[in-house]
Amino acid sequence: MSRSLCTPRLVARLRAARKRLGPARGIAMLVVISSLAILISVAVEFRYQSSIDLQLAVNARDELRAEYLGRSAVNLSRLLLRFQKQVAGQSSALQSILGSGLGSMMQDSGLAGISFTPSIQLWKIVPVNEALFGILSGAVVANNSPLGSEPLHSFGDFTGSFSATIQEEETKFNVNRLQAGGMSGLAAITQALAMFGDPRVEFVFEEEDAHRIKMTPQDLVIALHDWIDPGDNQANLNATSASMPWLEGSGDENRNYSSAYPIRYRTKNAPFDSLDELYLVDGCSDLFMAAFRDRLTVYSDKNWGLNPNSDDPLQIYLGIVSAAANPSDPKLSINPPSVQIGLIFQNLSALKSLYSFFGGIPTSQFIKIIEDQGILIRPEVKARNNNDILTDKAETFTIQATGQVGDVEKKVTAVIRADSVLGKLMYYREE
């Protein structure tokens, strides 16, 4: 029966069909190779995604650790400022010893007649970093720190580093003081006009802001005052009157904010809460903030004046002109600098170098150095030796902290006003 099925005719038909289909050898190999290629691609992609997910998890872990190291630096800084307040209240004997020693050094420096009542400023002497943590907790320094990098410390099952810098806010110009009245308000106006009118930064006022508004330094001072004063009328500046430096005008202080801007709003009529809020005010452009942001504050007590114990010559100059009876006195010229200004800065520099870690130059000595150059001092400043125009106090501090773990770095900024505990938190930001 099988033979009958395999007839020559059937065989011929099978051979013809085979010729039509062509050679079939190698198809199985191609199928196997194609399948392997697909599987390898899937495996490589899976491995790649897994490594990405792992690295993201590691970075997230290190970011969290770095964030808390930054917070630790802030907390250590607050603790240090707390110790500072205790030292300031219990170091009268040490102040007496230091004062006599520094007085002798002043005699040798040709600045006789200047007395001292120093108080050690721990936050200027003690570095806030992982080394301080090691001293306090006995943490071990890791041996795997990269060459030339900050030393790493062990924090439980990981290593990292942190550091913080502390800066007084009173050495900056407090914009909220433009609302003050009387002599304090006039001093704030004088300082603002001297800062914004500095010939070296006049290019700032040659450009329009984002809303195509161009302002003079005086216009900007008025705009800043109008933002925080309680009324809705544009104020008039009366820079020659100590009793009424601000007069109520008839213009609308909201005319640009409520009509000319794409997004309309009104003046706050309350003090600034942060420096970023300045961007809402006419004339406060990116260029303006780049030039002045580090010289401005809104966090210090608005009832306290400017502390001229700054590293910024412009901030020192603001203290000089606010103490002078005549801010326009040619002896106070800085462009070109007068002989008197040169001598004032020279004597202040010599005094500061001797007094750098001991509270800064007292207001009375600051005034005396100015007065020694024949510059008349405002009677209100000289008579009261007050804190509402010039001060040598430091109660509000900006803490710039950094925490680092692996390749991840986190920055934390906090502004603290000293009190009887760990300080009142005025501002906080993580980035």
# chains A, B, ... in the order shown; residues from 1 in each chain; ligands from 1

call {"tool": "closest_atom_pairs", "arguments": {"of": "region 257-293 of chain A", "to": "region 215-232 of chain A", "cutoff": "9 Å", "atoms": "only C-alpha atoms", "output": "tab-separated table"}}
result
residue	atom	partner	partner_atom	distance
A:Arg266	CA	A:Trp227	CA	8.7
A:Thr267	CA	A:Trp227	CA	5.0
A:Lys268	CA	A:Trp227	CA	5.6
A:Asn269	CA	A:Ile228	CA	4.3
A:Ala270	CA	A:Ile228	CA	4.4
A:Pro271	CA	A:Ile228	CA	4.9
A:Phe272	CA	A:Ile228	CA	7.0
A:Leu278	CA	A:Leu224	CA	8.2
A:Val281	CA	A:Leu224	CA	6.7
A:Asp282	CA	A:Ala223	CA	6.5
A:Gly283	CA	A:Met215	CA	5.9
A:Cys284	CA	A:Leu220	CA	8.0

call {"tool": "write_last_selection", "arguments": {"atoms": "C-alpha atoms", "output": "PDB file, in the first residue's frame"}}
result
ATOM      1  CA  ARG A 266      -0.720  96.197  44.935  1.00  0.00           C
ATOM      2  CA  THR A 267       1.964  97.328  47.326  1.00  0.00           C
ATOM      3  CA  LYS A 268       2.241  95.255  50.475  1.00  0.00           C
ATOM      4  CA  ASN A 269       2.062  98.175  52.940  1.00  0.00           C
ATOM      5  CA  ALA A 270       3.974  96.050  55.432  1.00  0.00           C
ATOM      6  CA  PRO A 271       7.640  95.206  56.049  1.00  0.00           C
ATOM      7  CA  PHE A 272       9.525  92.898  53.693  1.00  0.00           C
ATOM      8  CA  LEU A 278      12.290  93.012  46.535  1.00  0.00           C
ATOM      9  CA  VAL A 281       9.243  96.567  43.644  1.00  0.00           C
ATOM     10  CA  ASP A 282       9.709  98.961  40.718  1.00  0.00           C
ATOM     11  CA  GLY A 283      13.362  99.169  39.687  1.00  0.00           C
ATOM     12  CA  CYS A 284      14.549  96.061  41.542  1.00  0.00           C
TER      13      CYS A 284
END

call {"tool": "residues_around", "arguments": {"residues": "Leu81 (chain A)", "least_positions_apart": "4", "cutoff": "8 Å", "atoms": "only C-alpha atoms", "output": "PyMOL selection string"}}
result
chain A and resi 77+85+122-123+418+422

call {"tool": "select_by_dssp", "arguments": {"residues": "region 203-431 of chain A", "states": "strand (DSSP E)", "output": "number ranges by chain"}}
result
A: 233-237, 246-252, 296-297, 396-405, 408-417, 424-430

call {"tool": "atom_distance", "arguments": {"atom1": "CA of Lys393 (chain A)", "atom2": "CA of Ile341 (chain A)"}}
result
23.9 Å

call {"tool": "closest_residue", "arguments": {"among": "A:Met289, A:Ile399, A:Leu332, A:Met29", "to": "Val412 (chain A)", "atoms": "only C-alpha atoms"}}
result
A:Ile399

call {"tool": "closest_residue", "arguments": {"among": "A:Gly360, A:Pro379, A:Gly374, A:Pro337", "to": "Ala323 (chain A)", "atoms": "only C-alpha atoms"}}
result
A:Pro379

call {"tool": "select_by_dssp", "arguments": {"residues": "region 251-359 of chain A", "states": "helix (DSSP H, G or I)", "output": "count of residues only"}}
result
52

call {"tool": "atom_distance", "arguments": {"atom1": "CA of Gly185 (chain A)", "atom2": "CA of Ser364 (chain A)"}}
result
20.8 Å

call {"tool": "residues_around", "arguments": {"residues": "region 186-199 of chain A", "least_positions_apart": "2", "cutoff": "7 Å", "atoms": "only C-alpha atoms", "output": "short mmCIF file (atom, residue, chain, number, x, y, z; two decimals) with N, CA and C atoms, in the first residue's frame"}}
result
data_model
loop_
_atom_site.label_atom_id
_atom_site.label_comp_id
_atom_site.auth_asym_id
_atom_site.auth_seq_id
_atom_site.Cartn_x
_atom_site.Cartn_y
_atom_site.Cartn_z
N ARG A 177 14.06 99.65 57.42
CA ARG A 177 14.29 100.87 58.19
C ARG A 177 13.87 102.12 57.42
N LEU A 178 13.57 102.00 56.15
CA LEU A 178 13.11 103.16 55.39
C LEU A 178 11.73 103.63 55.84
N GLY A 182 11.67 110.22 62.00
CA GLY A 182 12.64 110.95 62.80
C GLY A 182 14.06 110.77 62.32
N MET A 183 14.99 110.86 63.27
CA MET A 183 16.41 110.79 62.95
C MET A 183 16.79 109.41 62.40
N SER A 184 16.15 108.36 62.91
CA SER A 184 16.45 107.01 62.41
C SER A 184 16.08 106.88 60.94
N VAL A 201 28.42 102.08 40.80
CA VAL A 201 27.29 101.21 40.44
C VAL A 201 26.22 102.00 39.69
N GLU A 202 26.57 103.14 39.13
CA GLU A 202 25.57 103.93 38.42
C GLU A 202 25.05 103.23 37.17
N PRO A 217 18.30 106.51 41.66
CA PRO A 217 18.45 106.04 43.04
C PRO A 217 17.41 106.63 43.98
N GLN A 218 17.09 107.91 43.82
CA GLN A 218 16.09 108.52 44.69
C GLN A 218 14.71 107.93 44.44
N VAL A 221 14.53 104.57 46.21
CA VAL A 221 14.36 104.71 47.66
C VAL A 221 12.90 104.99 47.98
N ALA A 239 14.78 114.82 52.43
CA ALA A 239 16.05 114.33 52.97
C ALA A 239 16.78 115.34 53.83
N ALA A 242 15.13 116.18 59.77
CA ALA A 242 15.28 115.07 60.70
C ALA A 242 13.96 114.73 61.37
N PRO A 245 11.26 113.10 57.63
CA PRO A 245 11.97 112.77 56.39
C PRO A 245 11.04 112.33 55.26
N LEU A 318 28.77 103.83 54.48
CA LEU A 318 27.41 104.16 54.88
C LEU A 318 27.35 104.56 56.35
N SER A 322 26.24 108.43 57.64
CA SER A 322 25.08 108.54 58.52
C SER A 322 25.44 109.16 59.86
N ILE A 389 20.84 104.38 65.02
CA ILE A 389 21.48 104.94 63.82
C ILE A 389 22.73 104.14 63.50
#

call {"tool": "closest_residue", "arguments": {"among": "A:Gln167, A:Val58, A:Arg15, A:His211", "to": "Thr396 (chain A)", "atoms": "only C-alpha atoms"}}
result
A:Gln167

call {"tool": "closest_residue", "arguments": {"among": "A:Asp312, A:Glu130, A:Asp273, A:Glu208", "to": "Phe292 (chain A)", "atoms": "only C-alpha atoms"}}
result
A:Asp312

call {"tool": "closest_residue", "arguments": {"among": "A:Asn303, A:Val42, A:Phe205, A:Leu10", "to": "Ser285 (chain A)", "atoms": "only C-alpha atoms"}}
result
A:Phe205

call {"tool": "residues_around", "arguments": {"residues": "Asn75 (chain A)", "least_positions_apart": "6", "cutoff": "12 Å", "atoms": "only C-alpha atoms", "output": "PyMOL selection string"}}
result
chain A and resi 68-69+81-82+128-129+133+162-164+399-401+412-416+422-423+425

call {"tool": "write_last_selection", "arguments": {"atoms": "N, CA, C and O atoms", "output": "short mmCIF file (atom, residue, chain, number, x, y, z; two decimals), in the first residue's frame"}}
result
data_model
loop_
_atom_site.label_atom_id
_atom_site.label_comp_id
_atom_site.auth_asym_id
_atom_site.auth_seq_id
_atom_site.Cartn_x
_atom_site.Cartn_y
_atom_site.Cartn_z
N TYR A 68 20.79 66.35 55.95
CA TYR A 68 20.80 66.35 57.42
C TYR A 68 22.16 66.75 57.97
O TYR A 68 22.23 67.26 59.09
N LEU A 69 23.22 66.53 57.22
CA LEU A 69 24.51 67.07 57.65
C LEU A 69 24.49 68.60 57.58
O LEU A 69 25.02 69.28 58.47
N LEU A 81 26.15 80.11 68.76
CA LEU A 81 25.63 81.45 69.03
C LEU A 81 25.00 81.53 70.42
O LEU A 81 25.04 82.58 71.07
N ARG A 82 24.43 80.43 70.86
CA ARG A 82 23.89 80.39 72.23
C ARG A 82 25.02 80.51 73.25
O ARG A 82 24.93 81.25 74.23
N VAL A 128 32.85 76.04 62.35
CA VAL A 128 31.74 75.09 62.42
C VAL A 128 31.89 74.11 61.26
O VAL A 128 31.60 74.43 60.11
N ASN A 129 32.37 72.92 61.55
CA ASN A 129 32.54 71.89 60.54
C ASN A 129 32.57 70.53 61.21
O ASN A 129 32.32 70.41 62.42
N PHE A 133 32.34 68.68 65.23
CA PHE A 133 31.51 67.52 65.58
C PHE A 133 32.37 66.41 66.16
O PHE A 133 31.99 65.76 67.13
N PHE A 162 30.67 68.43 56.59
CA PHE A 162 29.80 69.61 56.57
C PHE A 162 30.57 70.80 57.10
O PHE A 162 31.60 70.67 57.77
N SER A 163 30.09 71.97 56.77
CA SER A 163 30.70 73.21 57.24
C SER A 163 29.66 74.31 57.21
O SER A 163 28.61 74.18 56.56
N ALA A 164 29.94 75.41 57.92
CA ALA A 164 29.01 76.53 57.96
C ALA A 164 29.78 77.82 58.19
O ALA A 164 30.82 77.83 58.86
N ILE A 399 23.34 81.98 58.52
CA ILE A 399 24.15 80.76 58.56
C ILE A 399 24.08 80.11 57.17
O ILE A 399 23.00 79.74 56.71
N GLN A 400 25.22 80.00 56.52
CA GLN A 400 25.33 79.32 55.23
C GLN A 400 26.00 77.98 55.48
O GLN A 400 27.19 77.92 55.75
N ALA A 401 25.22 76.90 55.41
CA ALA A 401 25.73 75.56 55.74
C ALA A 401 25.74 74.68 54.50
O ALA A 401 24.90 74.81 53.60
N VAL A 412 22.18 74.73 52.89
CA VAL A 412 21.10 75.17 53.76
C VAL A 412 21.41 76.59 54.22
O VAL A 412 22.52 76.87 54.68
N THR A 413 20.45 77.48 54.06
CA THR A 413 20.59 78.86 54.52
C THR A 413 19.55 79.13 55.58
O THR A 413 18.36 78.85 55.39
N ALA A 414 20.01 79.65 56.71
CA ALA A 414 19.10 79.99 57.80
C ALA A 414 19.50 81.35 58.37
O ALA A 414 20.68 81.68 58.43
N VAL A 415 18.50 82.13 58.74
CA VAL A 415 18.73 83.41 59.42
C VAL A 415 18.17 83.29 60.82
O VAL A 415 16.99 82.94 61.01
N ILE A 416 19.03 83.56 61.80
CA ILE A 416 18.69 83.37 63.21
C ILE A 416 18.85 84.69 63.94
O ILE A 416 19.85 85.39 63.79
N LEU A 422 17.84 78.91 71.40
CA LEU A 422 18.69 78.63 70.25
C LEU A 422 18.47 79.60 69.11
O LEU A 422 18.89 79.35 67.99
N GLY A 423 17.83 80.71 69.38
CA GLY A 423 17.63 81.73 68.36
C GLY A 423 16.31 81.58 67.63
O GLY A 423 15.83 80.47 67.39
N LEU A 425 14.10 81.60 64.42
CA LEU A 425 14.33 81.34 63.00
C LEU A 425 13.56 82.37 62.17
O LEU A 425 12.32 82.41 62.20
#

call {"tool": "closest_residue", "arguments": {"among": "A:Ala60, A:Ala12, A:Ala324, A:Ile38", "to": "Lys410 (chain A)", "atoms": "only C-alpha atoms"}}
result
A:Ala60

call {"tool": "decode", "arguments": {"residues": "region 200-213 of chain A", "atoms": "all heavy atoms", "output": "short mmCIF file (atom, residue, chain, number, x, y, z; two decimals), in the first residue's frame"}}
result
data_model
loop_
_atom_site.label_atom_id
_atom_site.label_comp_id
_atom_site.auth_asym_id
_atom_site.auth_seq_id
_atom_site.Cartn_x
_atom_site.Cartn_y
_atom_site.Cartn_z
N ARG A 200 30.30 104.00 41.30
CA ARG A 200 30.78 102.73 40.76
C ARG A 200 29.64 101.81 40.34
O ARG A 200 29.87 100.83 39.62
CB ARG A 200 31.67 102.04 41.80
CG ARG A 200 32.97 102.77 42.07
CD ARG A 200 33.68 102.20 43.28
NE ARG A 200 32.90 102.38 44.50
CZ ARG A 200 33.30 102.02 45.72
NH1 ARG A 200 34.49 101.44 45.86
NH2 ARG A 200 32.55 102.23 46.78
N VAL A 201 28.42 102.08 40.80
CA VAL A 201 27.29 101.21 40.44
C VAL A 201 26.22 102.00 39.69
O VAL A 201 25.07 101.54 39.61
CB VAL A 201 26.68 100.56 41.71
CG1 VAL A 201 27.64 99.58 42.33
CG2 VAL A 201 26.24 101.61 42.71
N GLU A 202 26.57 103.14 39.13
CA GLU A 202 25.57 103.93 38.42
C GLU A 202 25.05 103.23 37.17
O GLU A 202 23.95 103.52 36.70
CB GLU A 202 26.15 105.30 38.05
CG GLU A 202 27.35 105.25 37.11
CD GLU A 202 27.94 106.62 36.82
OE1 GLU A 202 27.49 107.60 37.43
OE2 GLU A 202 28.85 106.69 35.97
N PHE A 203 25.81 102.26 36.65
CA PHE A 203 25.35 101.51 35.47
C PHE A 203 24.07 100.73 35.77
O PHE A 203 23.29 100.42 34.86
CB PHE A 203 26.44 100.55 35.00
CG PHE A 203 26.76 99.45 35.97
CD1 PHE A 203 26.12 98.22 35.91
CD2 PHE A 203 27.71 99.64 36.97
CE1 PHE A 203 26.41 97.21 36.81
CE2 PHE A 203 28.01 98.64 37.87
CZ PHE A 203 27.36 97.42 37.80
N VAL A 204 23.84 100.40 37.05
CA VAL A 204 22.64 99.65 37.43
C VAL A 204 21.39 100.44 37.08
O VAL A 204 20.37 99.87 36.65
CB VAL A 204 22.67 99.32 38.94
CG1 VAL A 204 21.36 98.69 39.38
CG2 VAL A 204 23.84 98.38 39.25
N PHE A 205 21.45 101.75 37.22
CA PHE A 205 20.27 102.58 37.01
C PHE A 205 20.19 103.12 35.58
O PHE A 205 19.32 103.93 35.28
CB PHE A 205 20.29 103.74 38.01
CG PHE A 205 20.23 103.27 39.44
CD1 PHE A 205 21.39 103.08 40.17
CD2 PHE A 205 19.02 102.98 40.03
CE1 PHE A 205 21.33 102.63 41.48
CE2 PHE A 205 18.95 102.53 41.33
CZ PHE A 205 20.11 102.35 42.06
N GLU A 206 21.07 102.66 34.73
CA GLU A 206 21.00 103.02 33.32
C GLU A 206 20.17 102.02 32.53
O GLU A 206 19.88 102.24 31.36
CB GLU A 206 22.41 103.10 32.72
CG GLU A 206 23.26 104.22 33.32
CD GLU A 206 24.69 104.18 32.81
OE1 GLU A 206 25.02 103.21 32.10
OE2 GLU A 206 25.46 105.10 33.12
N GLU A 207 19.80 100.89 33.17
CA GLU A 207 19.05 99.84 32.51
C GLU A 207 17.61 99.81 33.02
O GLU A 207 17.33 100.15 34.16
CB GLU A 207 19.70 98.48 32.75
CG GLU A 207 21.15 98.39 32.30
CD GLU A 207 21.30 98.40 30.79
OE1 GLU A 207 20.31 98.04 30.11
OE2 GLU A 207 22.37 98.78 30.30
N GLU A 208 16.68 99.38 32.16
CA GLU A 208 15.29 99.20 32.57
C GLU A 208 15.13 97.85 33.25
O GLU A 208 15.89 96.91 33.00
CB GLU A 208 14.37 99.27 31.34
CG GLU A 208 14.37 100.62 30.66
CD GLU A 208 13.47 100.63 29.43
OE1 GLU A 208 13.16 99.53 28.93
OE2 GLU A 208 13.09 101.72 28.98
N ASP A 209 14.13 97.75 34.12
CA ASP A 209 13.86 96.47 34.75
C ASP A 209 13.00 95.61 33.82
O ASP A 209 12.77 95.98 32.66
CB ASP A 209 13.21 96.65 36.12
CG ASP A 209 11.82 97.28 36.03
OD1 ASP A 209 11.29 97.43 34.91
OD2 ASP A 209 11.26 97.62 37.09
N ALA A 210 12.52 94.48 34.31
CA ALA A 210 11.75 93.55 33.47
C ALA A 210 10.45 94.16 32.96
O ALA A 210 9.90 93.69 31.96
CB ALA A 210 11.47 92.27 34.25
N HIS A 211 9.96 95.20 33.64
CA HIS A 211 8.72 95.84 33.24
C HIS A 211 8.97 97.14 32.48
O HIS A 211 8.09 97.99 32.38
CB HIS A 211 7.86 96.12 34.48
CG HIS A 211 7.51 94.90 35.26
ND1 HIS A 211 6.68 93.92 34.78
CD2 HIS A 211 7.91 94.47 36.49
CE1 HIS A 211 6.56 92.96 35.67
NE2 HIS A 211 7.29 93.26 36.72
N ARG A 212 10.23 97.29 31.99
CA ARG A 212 10.63 98.43 31.17
C ARG A 212 10.50 99.74 31.95
O ARG A 212 10.11 100.79 31.40
CB ARG A 212 9.81 98.49 29.87
CG ARG A 212 9.91 97.23 29.03
CD ARG A 212 9.19 97.39 27.71
NE ARG A 212 9.83 98.41 26.88
CZ ARG A 212 10.90 98.20 26.12
NH1 ARG A 212 11.45 97.00 26.10
NH2 ARG A 212 11.41 99.17 25.41
N ILE A 213 10.81 99.67 33.24
CA ILE A 213 10.79 100.86 34.08
C ILE A 213 12.22 101.21 34.47
O ILE A 213 12.98 100.34 34.93
CB ILE A 213 9.94 100.62 35.35
CG1 ILE A 213 8.47 100.46 34.95
CG2 ILE A 213 10.09 101.76 36.34
CD1 ILE A 213 7.55 100.14 36.09
#
